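Notes for the one structure printed next.
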Amino acid sequence: MARGLKTTLAAVSLLLTGWAGPSRAEGAGCFHFGYELQDLEANRDIYLGRINTLAPRVNFVKRDVFGKGCPNSSAACKDKAYLVPGDEVVISGGDGDFLCASYPGRKGVVTDGWLPRGAVSAVPEEPVAAPHGWIGTWDSGPEQTIRIETGAQGTLRIKGDATWGASDPGRVARGAVNIGELDGEAPVRGAMLSFGMGEDGPLPYDEADEADCRVQLRRLGAYLLVRDNAMCGGHNVTFTGIYRRR
C-alpha cells in the first residue's frame with residue numbers, strides 16, 4: 001500500500017479505535033459481534049452453540065427495552081427474529097439465563113442478541129483441515145468479503161475488500177463511500193491466522209504496530225471470525241465480523 005494512502009487511512013481510522021476494549025464475558029452487555037473484542041486468539045470464551053430441540057423455534061430476546069429490564073422472558077422483550085433446532089450460533093458472553101449470540105444468515109447478514117441459555121447446546125470445537133478448511137470466498141453482509149487462497153511455502157494468502165456506505169445510494173451518488181483492503185500471507189496455526197500490513201507490505205502480526213493494519217482470523221464450525229484493529233481502511237471501515245463461505 002502506498003505511503004500516502006496508508007497515512008491517510010490510518011489518520012481517519014483513529015476515530016474508531018475507542019471501540020476496542022475487554023472482550024465480553026458473563027454479565028456484560030450484548031452488542032454486535034466484535035464491538036468489544038480486543039483479541040480474538042486470547043479470548044477462548046467465544047464458542048459455537050447449536051439450537052437444541054427443546055422448542056420448535058427460539059426467538060431472540062431484545063437487548064434494550066426502556067423500563068422492561070431486558071433480557072427477560074416477558075413478551076415485551078421477545079424479538080421477531082428467531083432460530084430453529086440445528087441452527088448454529090457464535091456465543092460470546094452471557095447474563096444469567098441468557099447467552100449473547102450471533103447468527104450469520106445465508107446471505108451473510110448477522111443477527112445479534114440474547115438467546116435463552118437452556119435453548120443452546122455447546123458444540124465441541126473440531127480441528128480445521130488445512131488448507132481446505134480455509135480456502136474460499138467468505139462474506140459478512142453486503143460490504144465485507146475475504147478471499148483465502150493457497151500461498152507460498154505452506155502459507156495462505158488472504159485478500160479482502162470492505163466498504164462503508166456502499167449500500168447507501170446517496171453516499172454512492174456523492175462519492176462518499178469509504179473503502180479498505182487486505183492483502184497478506186500467513187501460516188495456519190491450528191484454527192488461527194494472523195498478519196499485519198505495513199507501509200512496505202505484509203508483516204507478521206507481532207511485528208505490526210497499532211498504526212498498521214492488524215488482522216486475526218479464526219475458524220469456528222462453518223464460520224470465519226475476523227477481528228481487525230480498525231486501521232485497515234477509511235473512516236468506519238472494518239473487516240471485523242462473522243463470515244460464511246459462499
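Chain labels follow the order of the C-alpha cells: the first chain is A, the next B, and so on; residue numbering restarts at 1 in every chain, and ligands are counted from 1 in their shown order.
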Considering only C-alpha atoms, tabulate each residue of stretch 172-238 of chain A that lies at most 10 Å from stretch 44-58 of chain A along with its nearest interatomic pair and the corresponding distance in Å to one decimal; arrange the rows by chain and ascending residue number and present them as a tab-separated table.
```
residue	atom	partner	partner_atom	distance
A:Leu220	CA	A:Leu48	CA	6.8
A:Gly221	CA	A:Leu48	CA	6.8
A:Ala222	CA	A:Leu48	CA	9.5
A:Tyr223	CA	A:Leu48	CA	9.3
```
Please dump the current selection as a PDB file, in the first residue's frame; keep C-alpha atoms.
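Everything below was put into result-v2.pdb:
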```
ATOM      1  CA  LEU A 220     -15.197 -21.869  14.203  1.00  0.00           C
ATOM      2  CA  GLY A 221     -17.569 -24.514  12.880  1.00  0.00           C
ATOM      3  CA  ALA A 222     -18.816 -23.356   9.476  1.00  0.00           C
ATOM      4  CA  TYR A 223     -17.874 -19.755  10.220  1.00  0.00           C
TER       5      TYR A 223
END
```
What lies within 6 Å of A:Trp138 using only C-alpha atoms, ignoring chain neighbours under 3 positions off, as a PyMOL selection string?
chain A and resi 145-146+243-246
With only C-alpha atoms as the atoms that count, which of A:Val89, A:Ile148, A:Leu83, A:Cys30 lies nearest to A:Arg63?
A:Cys30
Contacts of stretch 142-183 of chain A with stretch 90-107 of chain A up to 12 Å, shortest pair per row, only C-alpha atoms, as CSV:
```
residue,atom,partner,partner_atom,distance
A:Pro142,CA,A:Lys107,CA,8.2
A:Glu143,CA,A:Lys107,CA,11.5
A:Gln144,CA,A:Lys107,CA,11.7
A:Thr145,CA,A:Lys107,CA,12.0
```
Excluding same-chain residues fewer than 5 positions from A:Gly141, what lies within 8 Å of it counting only C-alpha atoms, as a ChimeraX atom specification?
/A:107-110
Taking the backbone alone, and naming residues the way the document does, which bits of stretch 78-244 of chain A are strand (DSSP E) by DSSP, as a ChimeraX atom specification?
/A:78-83,88-95,98-104,110-116,120-122,136-139,144-150,155-164,178-187,192-198,201-203,213-220,223-228,241-244
What does the distance between atom CA of A:Ala208 and atom CA of A:Ser194 come to in Å, to one decimal place?
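Distance between the two atoms: 10.7 Å.
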Give me, please, the distance in Å between atom CA of A:Arg219 and atom CA of A:Lys159, quoted to one decimal.
16.2 Å
Nearest to A:Gly133, chosen from A:Ser167, A:Thr150, A:Gln216, A:Ser121, with only C-alpha atoms counted in the distances:
A:Thr150
DSSP-assigned alpha helix (DSSP H) among chain A, expressed as a list in words
Arg3, Gly4, Leu5, Lys6, Thr7, Thr8, Leu9, Ala10, Ala11, Val12, Ser13, Pro169, Gly170, Arg171, Val172, Ala173 and Arg174 of chain A
Hey, which bits of stretch 68-185 of chain A sit within 8 Å of stretch 196-204 of chain A, and for each residue what's the closest pair of atoms and how far apart in Å (one decimal), counting only C-alpha atoms, rows by chain and increasing number, as JSON lines?
```
{"residue": "A:Leu182", "atom": "CA", "partner": "A:Met197", "partner_atom": "CA", "distance": 7.8}
{"residue": "A:Asp183", "atom": "CA", "partner": "A:Pro202", "partner_atom": "CA", "distance": 7.2}
{"residue": "A:Gly184", "atom": "CA", "partner": "A:Pro202", "partner_atom": "CA", "distance": 5.2}
{"residue": "A:Glu185", "atom": "CA", "partner": "A:Pro202", "partner_atom": "CA", "distance": 7.2}
```
Take the selection from the previous step and output its residues with N, CA, C and O atoms, as an mmCIF file, in the first residue's frame.
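Contents of out_26.cif, as written:
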```cif
data_model
loop_
_atom_site.group_PDB
_atom_site.id
_atom_site.type_symbol
_atom_site.label_atom_id
_atom_site.label_comp_id
_atom_site.auth_asym_id
_atom_site.auth_seq_id
_atom_site.Cartn_x
_atom_site.Cartn_y
_atom_site.Cartn_z
ATOM 1 N N LEU A 182 -7.430 -5.835 2.239
ATOM 2 C CA LEU A 182 -6.468 -6.726 2.870
ATOM 3 C C LEU A 182 -5.672 -7.429 1.783
ATOM 4 O O LEU A 182 -6.221 -7.787 0.738
ATOM 5 N N ASP A 183 -4.397 -7.660 2.031
ATOM 6 C CA ASP A 183 -3.565 -8.448 1.124
ATOM 7 C C ASP A 183 -2.350 -8.912 1.905
ATOM 8 O O ASP A 183 -1.411 -8.150 2.129
ATOM 9 N N GLY A 184 -2.383 -10.152 2.354
ATOM 10 C CA GLY A 184 -1.279 -10.665 3.152
ATOM 11 C C GLY A 184 -1.205 -12.177 3.099
ATOM 12 O O GLY A 184 -2.095 -12.837 2.549
ATOM 13 N N GLU A 185 -0.158 -12.721 3.671
ATOM 14 C CA GLU A 185 0.019 -14.168 3.771
ATOM 15 C C GLU A 185 0.350 -14.522 5.208
ATOM 16 O O GLU A 185 0.967 -13.747 5.930
#
```
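Every protein or nucleic acid residue with an atom no more than 12 Å from A:Ala176, counting only C-alpha atoms and leaving out same-chain residues fewer than 3 positions away, appears here: Thr163, Trp164, Gly165, Ala166, Ser167, Asp168, Pro169, Gly170, Arg171, Val172, Ala173, Ile179, Gly234, His235 and Asn236 of chain A.
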Please report the interatomic distance between atom CA of A:Ile242 and atom CA of A:Gly175 in Å with one decimal.
27.5 Å
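Restricting the calculation to only C-alpha atoms, the smallest distance between A:Val188 and any of A:Gln153, A:Cys70, A:Arg147, A:Gln38 is found for A:Gln153.
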Taking only C-alpha atoms into account, name the residue in A:Ala119, A:Ala191, A:Ile135, A:Ala186 that is nearest to A:Val215.
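The closest residue to A:Val215 is A:Ala186.
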